[in-house]
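Undergrad: File data_9.cif follows (mmCIF, C-alpha atoms and all ligand atoms):
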```cif
data_run
loop_
_atom_site.label_atom_id
_atom_site.label_comp_id
_atom_site.auth_asym_id
_atom_site.auth_seq_id
_atom_site.Cartn_x
_atom_site.Cartn_y
_atom_site.Cartn_z
CA VAL A 1 0.00 0.00 0.00
CA THR A 2 1.54 3.29 -1.04
CA GLY A 3 -0.90 5.83 0.30
CA HIS A 4 -1.73 6.94 -3.24
CA ASP A 5 -5.00 6.53 -5.06
CA GLY A 6 -5.73 3.54 -7.21
CA PRO A 7 -5.14 -0.17 -6.94
CA VAL A 8 -1.55 -1.33 -6.63
CA SER A 9 -1.95 -5.03 -7.25
CA PRO A 10 0.24 -6.95 -7.48
CA PRO A 11 2.98 -4.70 -6.06
CA PRO A 12 5.69 -4.15 -8.67
CA GLY A 13 8.46 -5.38 -6.35
CA THR A 14 11.66 -3.90 -5.04
CA ALA A 15 13.73 -1.42 -7.02
CA LEU A 16 17.31 -0.49 -6.18
CA VAL A 17 18.28 3.03 -7.29
CA THR A 18 21.93 4.14 -7.36
CA GLY A 19 22.67 7.81 -6.77
CA GLY A 20 19.17 7.90 -5.28
CA GLY A 21 20.12 10.50 -2.68
CA GLY A 22 20.77 13.11 -5.34
CA ALA A 23 18.48 16.13 -5.00
CA GLY A 24 18.08 16.12 -8.79
CA ILE A 25 17.14 13.10 -10.90
CA GLY A 26 18.13 10.41 -8.36
CA SER A 27 15.64 11.29 -5.63
CA ALA A 28 12.90 12.08 -8.17
CA ILE A 29 13.23 8.53 -9.53
CA CYS A 30 12.95 7.09 -6.00
CA ALA A 31 9.86 9.19 -5.26
CA VAL A 32 8.01 8.30 -8.47
CA LEU A 33 8.82 4.58 -8.14
CA ALA A 34 7.50 4.61 -4.58
CA GLU A 35 4.30 6.36 -5.72
CA GLN A 36 3.84 3.58 -8.25
CA GLY A 37 4.07 0.92 -5.55
CA TRP A 38 7.72 -0.11 -5.68
CA ALA A 39 9.58 -0.74 -2.44
CA VAL A 40 12.67 1.38 -3.02
CA ALA A 41 16.25 0.71 -1.92
CA VAL A 42 17.61 4.26 -2.03
CA THR A 43 21.39 4.02 -2.36
CA ASP A 44 24.03 6.74 -2.53
CA THR A 45 27.63 7.47 -1.55
CA ASP A 46 26.07 10.04 0.77
CA PRO A 47 24.32 7.92 3.44
CA GLN A 48 22.51 10.90 4.98
CA ALA A 49 21.03 11.86 1.63
CA ALA A 50 19.91 8.26 0.99
CA THR A 51 18.34 8.01 4.44
CA ALA A 52 16.59 11.36 4.04
CA VAL A 53 15.05 10.39 0.68
CA ALA A 54 13.88 7.05 2.12
CA GLY A 55 12.38 8.89 5.10
CA GLN A 56 10.45 11.26 2.81
CA ILE A 57 9.04 8.27 0.93
CA ARG A 58 7.93 6.55 4.12
CA ARG A 59 6.31 9.74 5.39
CA ALA A 60 4.34 9.88 2.13
CA GLY A 61 3.10 6.34 2.79
CA GLY A 62 5.57 4.42 0.65
CA THR A 63 8.15 1.74 1.42
CA ALA A 64 11.86 2.59 1.29
CA THR A 65 15.18 2.10 3.03
CA GLY A 66 18.33 4.15 2.57
CA TYR A 67 21.76 2.52 2.12
CA ARG A 68 25.27 3.87 1.71
CA LEU A 69 26.63 2.59 -1.61
CA ASP A 70 29.57 3.60 -3.75
CA VAL A 71 29.07 1.93 -7.15
CA THR A 72 32.83 1.76 -7.68
CA ASP A 73 33.00 -0.83 -4.86
CA PRO A 74 31.68 -4.23 -6.08
CA PRO A 75 31.78 -6.03 -2.68
CA ALA A 76 29.72 -3.18 -1.24
CA ILE A 77 27.21 -3.56 -4.09
CA ALA A 78 26.77 -7.26 -3.31
CA ALA A 79 26.28 -6.48 0.38
CA VAL A 80 23.69 -3.77 -0.29
CA VAL A 81 21.75 -5.99 -2.71
CA ALA A 82 21.67 -8.73 -0.04
CA ALA A 83 20.56 -6.27 2.65
CA ALA A 84 17.85 -4.78 0.42
CA GLU A 85 16.56 -8.24 -0.52
CA SER A 86 16.28 -9.35 3.09
CA GLU A 87 14.62 -6.12 4.16
CA LEU A 88 12.45 -5.21 1.16
CA GLY A 89 12.20 -8.39 -0.95
CA PRO A 90 13.76 -9.63 -4.21
CA VAL A 91 15.23 -6.85 -6.34
CA THR A 92 13.22 -6.96 -9.56
CA GLY A 93 14.11 -3.41 -10.66
CA LEU A 94 17.45 -1.62 -10.94
CA VAL A 95 18.01 2.01 -11.90
CA ASN A 96 21.59 3.09 -12.51
CA SER A 97 21.36 6.83 -11.91
CA ALA A 98 24.66 7.46 -10.06
CA GLY A 99 26.78 9.65 -12.28
CA ARG A 100 29.64 12.08 -12.37
CA GLY A 101 30.22 14.75 -14.96
CA LEU A 102 33.17 16.63 -16.41
CA ILE A 103 33.44 19.54 -18.81
CA ARG A 104 36.95 19.53 -20.23
CA PRO A 105 38.33 19.29 -23.77
CA LEU A 106 39.58 15.76 -24.42
CA ALA A 107 43.27 16.62 -24.84
CA ASP A 108 43.16 18.36 -21.43
CA THR A 109 41.40 15.43 -19.76
CA THR A 110 43.80 13.35 -17.70
CA LEU A 111 43.66 9.57 -17.72
CA ALA A 112 42.80 9.72 -14.02
CA GLN A 113 39.82 12.02 -14.73
CA TRP A 114 38.68 9.67 -17.50
CA ASP A 115 39.04 6.62 -15.22
CA ASP A 116 37.27 8.27 -12.27
CA LEU A 117 34.29 9.25 -14.39
CA HIS A 118 34.05 5.92 -16.21
CA ALA A 119 34.38 4.05 -12.88
CA VAL A 120 31.02 5.52 -11.84
CA ASP A 121 29.06 6.20 -15.03
CA LEU A 122 29.91 3.01 -16.94
CA ARG A 123 31.79 0.47 -14.81
CA GLY A 124 29.54 1.22 -11.83
CA ALA A 125 26.41 0.53 -13.88
CA PHE A 126 27.93 -2.73 -15.16
CA ALA A 127 28.89 -3.77 -11.62
CA CYS A 128 25.32 -3.15 -10.38
CA CYS A 129 23.83 -5.10 -13.31
CA ARG A 130 26.19 -7.98 -12.51
CA ALA A 131 25.05 -7.96 -8.89
CA VAL A 132 21.30 -8.14 -9.59
CA LEU A 133 21.18 -10.20 -12.79
CA PRO A 134 21.62 -13.69 -11.25
CA GLY A 135 18.58 -13.13 -9.01
CA MET A 136 16.50 -11.67 -11.84
CA VAL A 137 17.40 -14.61 -14.10
CA ALA A 138 16.63 -17.15 -11.37
CA ARG A 139 13.17 -15.58 -10.92
CA GLY A 140 12.69 -15.01 -14.66
CA ASN A 141 11.69 -11.42 -13.93
CA GLY A 142 13.59 -8.16 -13.92
CA ALA A 143 13.90 -4.72 -15.46
CA ILE A 144 16.88 -2.38 -15.56
CA VAL A 145 16.93 1.27 -16.58
CA ASN A 146 20.19 3.12 -17.07
CA VAL A 147 20.29 6.90 -16.92
CA GLY A 148 22.24 8.01 -19.97
CA SER A 149 22.42 11.48 -21.46
CA VAL A 150 21.76 13.27 -24.73
CA GLN A 151 25.55 13.72 -24.71
CA ALA A 152 25.87 10.01 -25.63
CA ALA A 153 24.71 10.61 -29.20
CA THR A 154 25.15 14.37 -29.59
CA PRO A 155 28.12 15.45 -27.47
CA ALA A 156 28.61 19.16 -26.92
CA PRO A 157 32.21 20.40 -27.01
CA GLY A 158 33.96 19.63 -23.72
CA TYR A 159 31.84 16.62 -22.79
CA GLY A 160 34.17 13.98 -24.29
CA ALA A 161 34.89 11.68 -21.34
CA TYR A 162 31.26 11.91 -20.19
CA ALA A 163 29.88 11.37 -23.69
CA ALA A 164 32.05 8.29 -24.15
CA ALA A 165 30.87 6.82 -20.83
CA LYS A 166 27.20 7.49 -21.60
CA ALA A 167 27.59 6.07 -25.14
CA GLY A 168 29.14 3.01 -23.50
CA LEU A 169 26.04 2.81 -21.32
CA VAL A 170 23.92 2.53 -24.48
CA GLY A 171 26.06 -0.44 -25.56
CA LEU A 172 25.80 -1.97 -22.08
CA THR A 173 22.00 -1.52 -22.18
CA ARG A 174 21.68 -3.35 -25.49
CA ALA A 175 24.09 -6.09 -24.36
CA VAL A 176 22.16 -6.77 -21.14
CA ALA A 177 18.92 -6.80 -23.16
CA ALA A 178 20.45 -9.28 -25.63
CA ASP A 179 21.98 -11.58 -23.02
CA TYR A 180 19.01 -11.76 -20.66
CA GLY A 181 15.85 -11.07 -22.67
CA ARG A 182 15.22 -14.81 -22.92
CA HIS A 183 15.47 -15.00 -19.13
CA GLY A 184 12.72 -12.44 -18.57
CA VAL A 185 14.95 -9.42 -18.05
CA ARG A 186 14.51 -6.11 -19.91
CA CYS A 187 17.05 -3.29 -20.06
CA CYS A 188 16.52 0.24 -21.41
CA VAL A 189 18.17 3.66 -21.21
CA VAL A 190 16.66 7.10 -20.57
CA HIS A 191 18.53 10.11 -21.90
CA PRO A 192 17.85 13.33 -19.99
CA GLY A 193 18.54 16.67 -21.62
CA LEU A 194 19.33 19.70 -19.44
CA VAL A 195 18.01 19.25 -15.89
CA ASP A 196 18.62 21.77 -13.13
CA SER A 197 20.40 19.89 -10.32
CA ALA A 198 23.08 20.89 -7.83
CA ALA A 199 25.45 18.43 -9.53
CA ASN A 200 24.81 19.99 -12.93
CA ARG A 201 25.06 23.59 -11.63
CA GLU A 202 28.50 22.80 -10.25
CA LEU A 203 29.57 21.47 -13.65
CA LEU A 204 28.11 24.39 -15.58
CA THR A 205 30.19 26.92 -13.65
CA ALA A 206 32.89 25.88 -16.17
CA LEU A 207 30.75 27.67 -18.81
CA GLY A 208 29.91 30.83 -16.81
CA ASP A 209 26.96 31.71 -14.60
CA PRO A 210 24.91 28.47 -14.42
CA GLN A 211 21.51 30.18 -14.04
CA ARG A 212 22.10 32.43 -17.03
CA TRP A 213 23.49 29.54 -19.06
CA MET A 214 20.48 27.32 -18.28
CA ASP A 215 17.95 30.10 -18.98
CA THR A 216 19.52 30.79 -22.36
CA PHE A 217 19.70 27.08 -23.17
CA VAL A 218 16.04 26.47 -22.34
CA ARG A 219 14.95 29.49 -24.36
CA THR A 220 17.10 28.94 -27.43
CA ARG A 221 18.20 25.30 -27.60
CA GLN A 222 14.99 23.38 -26.82
CA MET A 223 11.96 22.86 -29.05
CA LEU A 224 9.81 23.12 -25.92
CA PRO A 225 11.01 26.27 -24.16
CA GLN A 226 10.21 24.99 -20.65
CA PRO A 227 12.81 23.46 -18.31
CA VAL A 228 12.98 19.66 -18.12
CA ALA A 229 12.35 18.76 -14.48
CA ALA A 230 13.95 15.83 -12.68
CA ARG A 231 10.45 14.43 -12.29
CA ASP A 232 9.94 14.42 -16.07
CA VAL A 233 12.93 12.11 -16.34
CA ALA A 234 11.74 10.00 -13.39
CA GLU A 235 8.33 9.38 -15.01
CA ALA A 236 10.06 7.97 -18.10
CA VAL A 237 12.30 5.76 -15.96
CA ALA A 238 9.29 4.48 -14.00
CA PHE A 239 7.40 3.70 -17.20
CA LEU A 240 10.29 1.66 -18.62
CA LEU A 241 10.68 -0.21 -15.33
CA SER A 242 6.96 -1.03 -15.20
CA ASP A 243 5.02 -3.92 -16.71
CA ALA A 244 3.40 -1.37 -19.05
CA ALA A 245 6.73 -1.50 -20.92
CA GLY A 246 6.71 -5.31 -20.96
CA ARG A 247 7.61 -5.57 -24.67
CA ILE A 248 10.13 -2.73 -24.65
CA THR A 249 13.79 -3.61 -24.28
CA ALA A 250 17.11 -2.26 -25.59
CA ALA A 251 15.23 1.01 -26.12
CA GLU A 252 16.42 4.58 -25.70
CA LEU A 253 13.91 7.15 -24.44
CA THR A 254 15.00 10.77 -24.64
CA VAL A 255 13.52 13.33 -22.23
CA ASP A 256 15.08 16.56 -23.43
CA ALA A 257 12.31 18.91 -24.64
CA GLY A 258 13.74 18.32 -28.11
CA CYS A 259 17.18 19.77 -27.48
CA SER A 260 19.18 16.93 -29.02
CA VAL A 261 17.51 17.34 -32.43
CA MET A 262 17.02 21.12 -32.31
CA PRO A 263 18.50 22.71 -35.42
CA TYR A 264 20.49 25.85 -34.83
CA ASP A 265 18.24 28.84 -35.38
CA ASP A 266 19.65 32.22 -34.51
CA LEU A 267 16.19 33.81 -34.79
CA THR A 268 15.22 32.16 -31.50
CA ASP A 269 18.27 33.76 -29.90
CA ARG A 270 16.51 37.14 -29.86
CA PRO A 271 15.14 37.98 -26.42
CA GLU A 272 11.70 38.80 -27.85
CA ALA A 273 11.42 35.22 -29.13
CA GLY A 274 11.83 33.79 -25.62
CA PRO A 275 9.05 32.27 -23.48
N1 LIG A 301 21.33 17.05 -14.62
C1 LIG A 301 21.37 16.89 -15.92
O1 LIG A 301 21.20 17.83 -16.70
C2 LIG A 301 21.63 15.52 -16.52
C3 LIG A 301 21.55 15.39 -17.90
C4 LIG A 301 21.80 14.16 -18.48
C5 LIG A 301 22.08 13.08 -17.68
N2 LIG A 301 22.14 13.21 -16.34
C6 LIG A 301 22.45 12.02 -15.54
O2 LIG A 301 21.44 11.83 -14.58
C7 LIG A 301 21.98 11.23 -13.40
C8 LIG A 301 21.63 12.11 -12.20
O3 LIG A 301 22.17 13.40 -12.41
P1 LIG A 301 21.72 14.69 -11.58
O4 LIG A 301 22.45 15.83 -12.19
O5 LIG A 301 20.25 14.79 -11.46
O6 LIG A 301 22.37 14.42 -10.18
P2 LIG A 301 21.69 13.96 -8.81
O7 LIG A 301 21.10 15.14 -8.12
O8 LIG A 301 20.80 12.78 -9.03
O9 LIG A 301 22.99 13.53 -7.97
C9 LIG A 301 23.84 12.47 -8.36
C10 LIG A 301 24.00 11.54 -7.19
O10 LIG A 301 24.95 10.54 -7.56
C11 LIG A 301 25.69 10.22 -6.41
N3 LIG A 301 26.95 9.58 -6.75
C12 LIG A 301 28.06 10.14 -7.30
N4 LIG A 301 29.04 9.24 -7.38
C13 LIG A 301 28.54 8.07 -6.89
C14 LIG A 301 29.08 6.78 -6.71
N5 LIG A 301 30.37 6.52 -6.99
N6 LIG A 301 28.29 5.81 -6.21
C15 LIG A 301 27.00 6.09 -5.88
N7 LIG A 301 26.44 7.29 -6.00
C16 LIG A 301 27.22 8.28 -6.50
C17 LIG A 301 25.90 11.56 -5.71
O11 LIG A 301 26.21 11.41 -4.34
C18 LIG A 301 24.55 12.25 -5.94
O12 LIG A 301 23.69 12.05 -4.84
C19 LIG A 301 23.47 11.09 -13.67
O13 LIG A 301 23.75 9.80 -14.17
C20 LIG A 301 23.74 12.13 -14.76
O14 LIG A 301 24.85 11.82 -15.57
C21 LIG A 301 21.93 14.42 -15.73
#
```
Now, as a test, write the supplied structure out as structure tokens.
Ligand SMILES: NC(=O)c1ccc[n+]([C@@H]2O[C@H](COP(=O)([O-])OP(=O)(O)OC[C@H]3O[C@@H](n4cnc5c(N)ncnc54)[C@H](O)[C@@H]3O)[C@@H](O)[C@H]2O)c1
TA:
Amino acid sequence: VTGHDGPVSPPPGTALVTGGGGAGIGSAICAVLAEQGWAVAVTDTDPQAATAVAGQIRRAGGTATGYRLDVTDPPAIAAVVAAAESELGPVTGLVNSAGRGLIRPLADTTLAQWDDLHAVDLRGAFACCRAVLPGMVARGNGAIVNVGSVQAATPAPGYGAYAAAKAGLVGLTRAVAADYGRHGVRCCVVHPGLVDSAANRELLTALGDPQRWMDTFVRTRQMLPQPVAARDVAEAVAFLLSDAAGRITAAELTVDAGCSVMPYDDLTDRPEAGP
């Protein structure tokens, strides 16, 4: 019982969300999944943030527990999956939302920066898939959603290491779908466009004043001139994790207000053309 209107029968199961303590997309995914009846294992490197998000969910009538989890640490992943399964039930859903960003031209990107980013955004997602797949296969039931980025297919200058990791995540998504589709497991990827989050604001300082940059982007680089909210992304993730997406696998769903296919149009750059 989630405290929300409508029947929730049978309950969708338990979903583990990485980076779920994030005030941006991560916590929005946890909240929407809980509203839809999932028991949510909220995991994050920041244990206080994970616990706080789980507490909010419980206060709203949902089921959730917060866990400290660094996705670069495979033994810790196995331990958290085991803890979540004993507390909340078999993990039938996984959302890899933990991510790090970097804005730096490729030739200025150190190998250490590349490795640190890929350790979270790509290797971390693989490690989490590895940890939950045996259980999903044994039960013949599971769904995984990876949080990619529009940068995977249409990288902006300076996003090289990040774009490569997120493009790798598309390959990982298709590979998991191919390997485990016959065992009842689906795997998809959601590509957010520009979403206002603390993590993204910190990154965007590399390009100037983040607020000004985001306002200009929304007004001139999106087909829909309204900001994409974390919740918009979370709704897409929840759909792909749900049984309503039962015949959808290896799919990419972009939630970007059209920015990744927006042709350059300097007419929209005029202030009077803004929203
Ligand atoms: N914000 C955007 O515009 C945007 C756009 C495209 C894609 N994304 C992707 O969406 C996801 C969420 O981004 P967001 O900006 O909303 O951030 P967010 O607010 O969800 O915060 C990210 C969270 O990830 C956690 N994290 C970082 N490293 C971790 C690790 N090693 N193990 C576990 N957790 C870790 C952080 O503690 C933080 O709580 C990321 O994968 C990001 O790449 C974001």
Undergrad: Can you build me a table of chain A residues sitting at most 8 Å from ligand LIG 301 (chain A), with the closest atom pair per residue and its distance in Å to one decimal, using all atoms listed in the file, sorted by chain and residue number, as JSON lines?
TA:
```
{"residue": "A:Thr18", "atom": "CA", "partner": "A:LIG301", "partner_atom": "C15", "distance": 5.6}
{"residue": "A:Gly19", "atom": "CA", "partner": "A:LIG301", "partner_atom": "O10", "distance": 3.6}
{"residue": "A:Gly20", "atom": "CA", "partner": "A:LIG301", "partner_atom": "O12", "distance": 6.2}
{"residue": "A:Gly21", "atom": "CA", "partner": "A:LIG301", "partner_atom": "O12", "distance": 4.5}
{"residue": "A:Gly22", "atom": "CA", "partner": "A:LIG301", "partner_atom": "O12", "distance": 3.1}
{"residue": "A:Ala23", "atom": "CA", "partner": "A:LIG301", "partner_atom": "O7", "distance": 4.2}
{"residue": "A:Gly24", "atom": "CA", "partner": "A:LIG301", "partner_atom": "O7", "distance": 3.2}
{"residue": "A:Ile25", "atom": "CA", "partner": "A:LIG301", "partner_atom": "O5", "distance": 3.6}
{"residue": "A:Gly26", "atom": "CA", "partner": "A:LIG301", "partner_atom": "O8", "distance": 3.6}
{"residue": "A:Ser27", "atom": "CA", "partner": "A:LIG301", "partner_atom": "O8", "distance": 6.4}
{"residue": "A:Ala28", "atom": "CA", "partner": "A:LIG301", "partner_atom": "O8", "distance": 8.0}
{"residue": "A:Thr43", "atom": "CA", "partner": "A:LIG301", "partner_atom": "C15", "distance": 6.9}
{"residue": "A:Asp44", "atom": "CA", "partner": "A:LIG301", "partner_atom": "N7", "distance": 4.3}
{"residue": "A:Thr45", "atom": "CA", "partner": "A:LIG301", "partner_atom": "C15", "distance": 4.6}
{"residue": "A:Asp46", "atom": "CA", "partner": "A:LIG301", "partner_atom": "O11", "distance": 5.3}
{"residue": "A:Ala49", "atom": "CA", "partner": "A:LIG301", "partner_atom": "O12", "distance": 7.0}
{"residue": "A:Ala50", "atom": "CA", "partner": "A:LIG301", "partner_atom": "O12", "distance": 7.9}
{"residue": "A:Leu69", "atom": "CA", "partner": "A:LIG301", "partner_atom": "C15", "distance": 5.5}
{"residue": "A:Asp70", "atom": "CA", "partner": "A:LIG301", "partner_atom": "N6", "distance": 3.5}
{"residue": "A:Val71", "atom": "CA", "partner": "A:LIG301", "partner_atom": "N6", "distance": 4.1}
{"residue": "A:Thr72", "atom": "CA", "partner": "A:LIG301", "partner_atom": "N5", "distance": 5.4}
{"residue": "A:Asn96", "atom": "CA", "partner": "A:LIG301", "partner_atom": "O13", "distance": 7.2}
{"residue": "A:Ser97", "atom": "CA", "partner": "A:LIG301", "partner_atom": "O13", "distance": 4.4}
{"residue": "A:Ala98", "atom": "CA", "partner": "A:LIG301", "partner_atom": "O10", "distance": 4.0}
{"residue": "A:Gly99", "atom": "CA", "partner": "A:LIG301", "partner_atom": "O13", "distance": 3.6}
{"residue": "A:Arg100", "atom": "CA", "partner": "A:LIG301", "partner_atom": "C12", "distance": 5.7}
{"residue": "A:Gly101", "atom": "CA", "partner": "A:LIG301", "partner_atom": "O14", "distance": 6.1}
{"residue": "A:Ala119", "atom": "CA", "partner": "A:LIG301", "partner_atom": "N5", "distance": 7.5}
{"residue": "A:Val120", "atom": "CA", "partner": "A:LIG301", "partner_atom": "N5", "distance": 5.0}
{"residue": "A:Asp121", "atom": "CA", "partner": "A:LIG301", "partner_atom": "O13", "distance": 6.5}
{"residue": "A:Gly124", "atom": "CA", "partner": "A:LIG301", "partner_atom": "N5", "distance": 7.2}
{"residue": "A:Val147", "atom": "CA", "partner": "A:LIG301", "partner_atom": "O13", "distance": 5.3}
{"residue": "A:Gly148", "atom": "CA", "partner": "A:LIG301", "partner_atom": "C5", "distance": 5.6}
{"residue": "A:Ser149", "atom": "CA", "partner": "A:LIG301", "partner_atom": "C4", "distance": 4.1}
{"residue": "A:Val150", "atom": "CA", "partner": "A:LIG301", "partner_atom": "C4", "distance": 6.3}
{"residue": "A:Gln151", "atom": "CA", "partner": "A:LIG301", "partner_atom": "C4", "distance": 7.3}
{"residue": "A:Tyr162", "atom": "CA", "partner": "A:LIG301", "partner_atom": "O14", "distance": 7.9}
{"residue": "A:Lys166", "atom": "CA", "partner": "A:LIG301", "partner_atom": "O14", "distance": 7.8}
{"residue": "A:His191", "atom": "CA", "partner": "A:LIG301", "partner_atom": "C4", "distance": 6.2}
{"residue": "A:Pro192", "atom": "CA", "partner": "A:LIG301", "partner_atom": "C4", "distance": 4.3}
{"residue": "A:Gly193", "atom": "CA", "partner": "A:LIG301", "partner_atom": "C3", "distance": 5.0}
{"residue": "A:Leu194", "atom": "CA", "partner": "A:LIG301", "partner_atom": "O1", "distance": 3.8}
{"residue": "A:Val195", "atom": "CA", "partner": "A:LIG301", "partner_atom": "O1", "distance": 3.6}
{"residue": "A:Asp196", "atom": "CA", "partner": "A:LIG301", "partner_atom": "N1", "distance": 5.6}
{"residue": "A:Ser197", "atom": "CA", "partner": "A:LIG301", "partner_atom": "O4", "distance": 4.9}
{"residue": "A:Ala198", "atom": "CA", "partner": "A:LIG301", "partner_atom": "O7", "distance": 6.1}
{"residue": "A:Ala199", "atom": "CA", "partner": "A:LIG301", "partner_atom": "O4", "distance": 4.8}
{"residue": "A:Asn200", "atom": "CA", "partner": "A:LIG301", "partner_atom": "O4", "distance": 4.8}
{"residue": "A:Ala230", "atom": "CA", "partner": "A:LIG301", "partner_atom": "O5", "distance": 6.5}
```
Undergrad: To one decimal place, how far is CA of Ala76 (chain A) from CA of Leu203 (chain A) in Å?
TA: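 Between CA of Ala76 (chain A) and CA of Leu203 (chain A) the gap is 27.6 Å.
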Undergrad: Quick one: distance from CA of Leu94 (chain A) to CA of Phe239 (chain A) in Å, one decimal?
TA: 13.0 Å
Undergrad: Which of these residues is nearest to Asn141 (chain A), using all atoms listed in the file: A:Gly160, A:Gly13, A:Pro227, A:Pro263?
TA: A:Gly13
Undergrad: For Arg130 (chain A), which residue out of A:Ala39, A:Val189, A:Leu172, A:Ala236 is the nearest one, using all atoms listed in the file?
TA: A:Leu172
Undergrad: Could you check how far CA of Leu241 (chain A) sits from CA of Asn146 (chain A), in Å to one decimal?
TA: 10.2 Å
Undergrad: Around the point (18.8, -1.5, -24.5), in the coordinates given by the file, pick out the residues reaching within 6 Å, counting all atoms listed in the file, and return them as number ranges by chain.
TA: A: 173-174, 177, 187-188, 249-251
Undergrad: Which of these residues is nearest to Val80 (chain A), using only C-alpha atoms: A:Gly66, A:Gly181, A:Gly61, A:Gly258?
TA: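 Among the listed residues, the smallest separation from Val80 (chain A) belongs to A:Gly66.
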Undergrad: At a cut-off of 10 Å, using all atoms listed in the file, what residues contact Arg201 (chain A)? Leave out same-chain residues fewer than 6 positions from it and give the result as a list of chain:residue names.
TA: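 Close residues of Arg201 (chain A): A:Val195, A:Asp209, A:Pro210, A:Gln211, A:Trp213, A:Met214.
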Undergrad: Restricting the calculation to only C-alpha atoms, which member of A:Arg68, A:His118, A:Ala54, A:Thr14 is positioned closest to Glu85 (chain A)?
TA: A:Thr14
Undergrad: Taking into account all atoms listed in the file, which residue in the set A:Glu87, A:Asp108, A:Asp179, A:Asp116 is nearest to Pro134 (chain A)?
TA: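 The shortest atom-to-atom distance to Pro134 (chain A) comes from A:Asp179.
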Undergrad: For a quick check of understanding, using all atoms listed in the file, which of A:Ala127, A:Ala245, A:Leu16, A:Ala78 has the smallest distance to Pro90 (chain A)?
TA: A:Leu16
Undergrad: Could you give me region 189-205 of chain A completed to N, CA and C atoms, formatted as an mmCIF file, keeping the file's coordinate frame?
TA:
```cif
data_model
loop_
_atom_site.group_PDB
_atom_site.id
_atom_site.type_symbol
_atom_site.label_atom_id
_atom_site.label_comp_id
_atom_site.auth_asym_id
_atom_site.auth_seq_id
_atom_site.Cartn_x
_atom_site.Cartn_y
_atom_site.Cartn_z
ATOM 1 N N VAL A 189 17.425 2.475 -21.651
ATOM 2 C CA VAL A 189 18.170 3.660 -21.210
ATOM 3 C C VAL A 189 17.327 4.907 -21.436
ATOM 4 N N VAL A 190 17.343 5.801 -20.459
ATOM 5 C CA VAL A 190 16.660 7.100 -20.570
ATOM 6 C C VAL A 190 17.717 8.185 -20.689
ATOM 7 N N HIS A 191 17.567 9.034 -21.689
ATOM 8 C CA HIS A 191 18.530 10.110 -21.900
ATOM 9 C C HIS A 191 17.925 11.459 -21.494
ATOM 10 N N PRO A 192 18.316 11.985 -20.333
ATOM 11 C CA PRO A 192 17.850 13.330 -19.990
ATOM 12 C C PRO A 192 18.580 14.380 -20.832
ATOM 13 N N GLY A 193 17.880 15.501 -21.046
ATOM 14 C CA GLY A 193 18.540 16.670 -21.620
ATOM 15 C C GLY A 193 19.087 17.517 -20.472
ATOM 16 N N LEU A 194 18.855 18.824 -20.513
ATOM 17 C CA LEU A 194 19.330 19.700 -19.440
ATOM 18 C C LEU A 194 18.355 19.686 -18.277
ATOM 19 N N VAL A 195 18.825 19.261 -17.106
ATOM 20 C CA VAL A 195 18.010 19.250 -15.890
ATOM 21 C C VAL A 195 18.747 20.049 -14.826
ATOM 22 N N ASP A 196 18.020 20.954 -14.184
ATOM 23 C CA ASP A 196 18.620 21.770 -13.130
ATOM 24 C C ASP A 196 18.829 20.904 -11.889
ATOM 25 N N SER A 197 20.074 20.615 -11.558
ATOM 26 C CA SER A 197 20.400 19.890 -10.320
ATOM 27 C C SER A 197 21.653 20.528 -9.749
ATOM 28 N N ALA A 198 21.883 20.311 -8.455
ATOM 29 C CA ALA A 198 23.080 20.890 -7.830
ATOM 30 C C ALA A 198 24.326 20.364 -8.537
ATOM 31 N N ALA A 199 24.297 19.042 -8.873
ATOM 32 C CA ALA A 199 25.450 18.430 -9.530
ATOM 33 C C ALA A 199 25.720 19.111 -10.876
ATOM 34 N N ASN A 200 24.642 19.383 -11.609
ATOM 35 C CA ASN A 200 24.810 19.990 -12.930
ATOM 36 C C ASN A 200 25.223 21.461 -12.822
ATOM 37 N N ARG A 201 24.686 22.179 -11.832
ATOM 38 C CA ARG A 201 25.060 23.590 -11.630
ATOM 39 C C ARG A 201 26.563 23.714 -11.382
ATOM 40 N N GLU A 202 27.080 22.780 -10.570
ATOM 41 C CA GLU A 202 28.500 22.800 -10.250
ATOM 42 C C GLU A 202 29.335 22.627 -11.529
ATOM 43 N N LEU A 203 28.874 21.704 -12.372
ATOM 44 C CA LEU A 203 29.570 21.470 -13.650
ATOM 45 C C LEU A 203 29.529 22.685 -14.555
ATOM 46 N N LEU A 204 28.334 23.300 -14.619
ATOM 47 C CA LEU A 204 28.110 24.390 -15.580
ATOM 48 C C LEU A 204 28.872 25.663 -15.222
ATOM 49 N N THR A 205 29.391 25.742 -13.990
ATOM 50 C CA THR A 205 30.190 26.920 -13.650
ATOM 51 C C THR A 205 31.394 27.024 -14.592
#
```
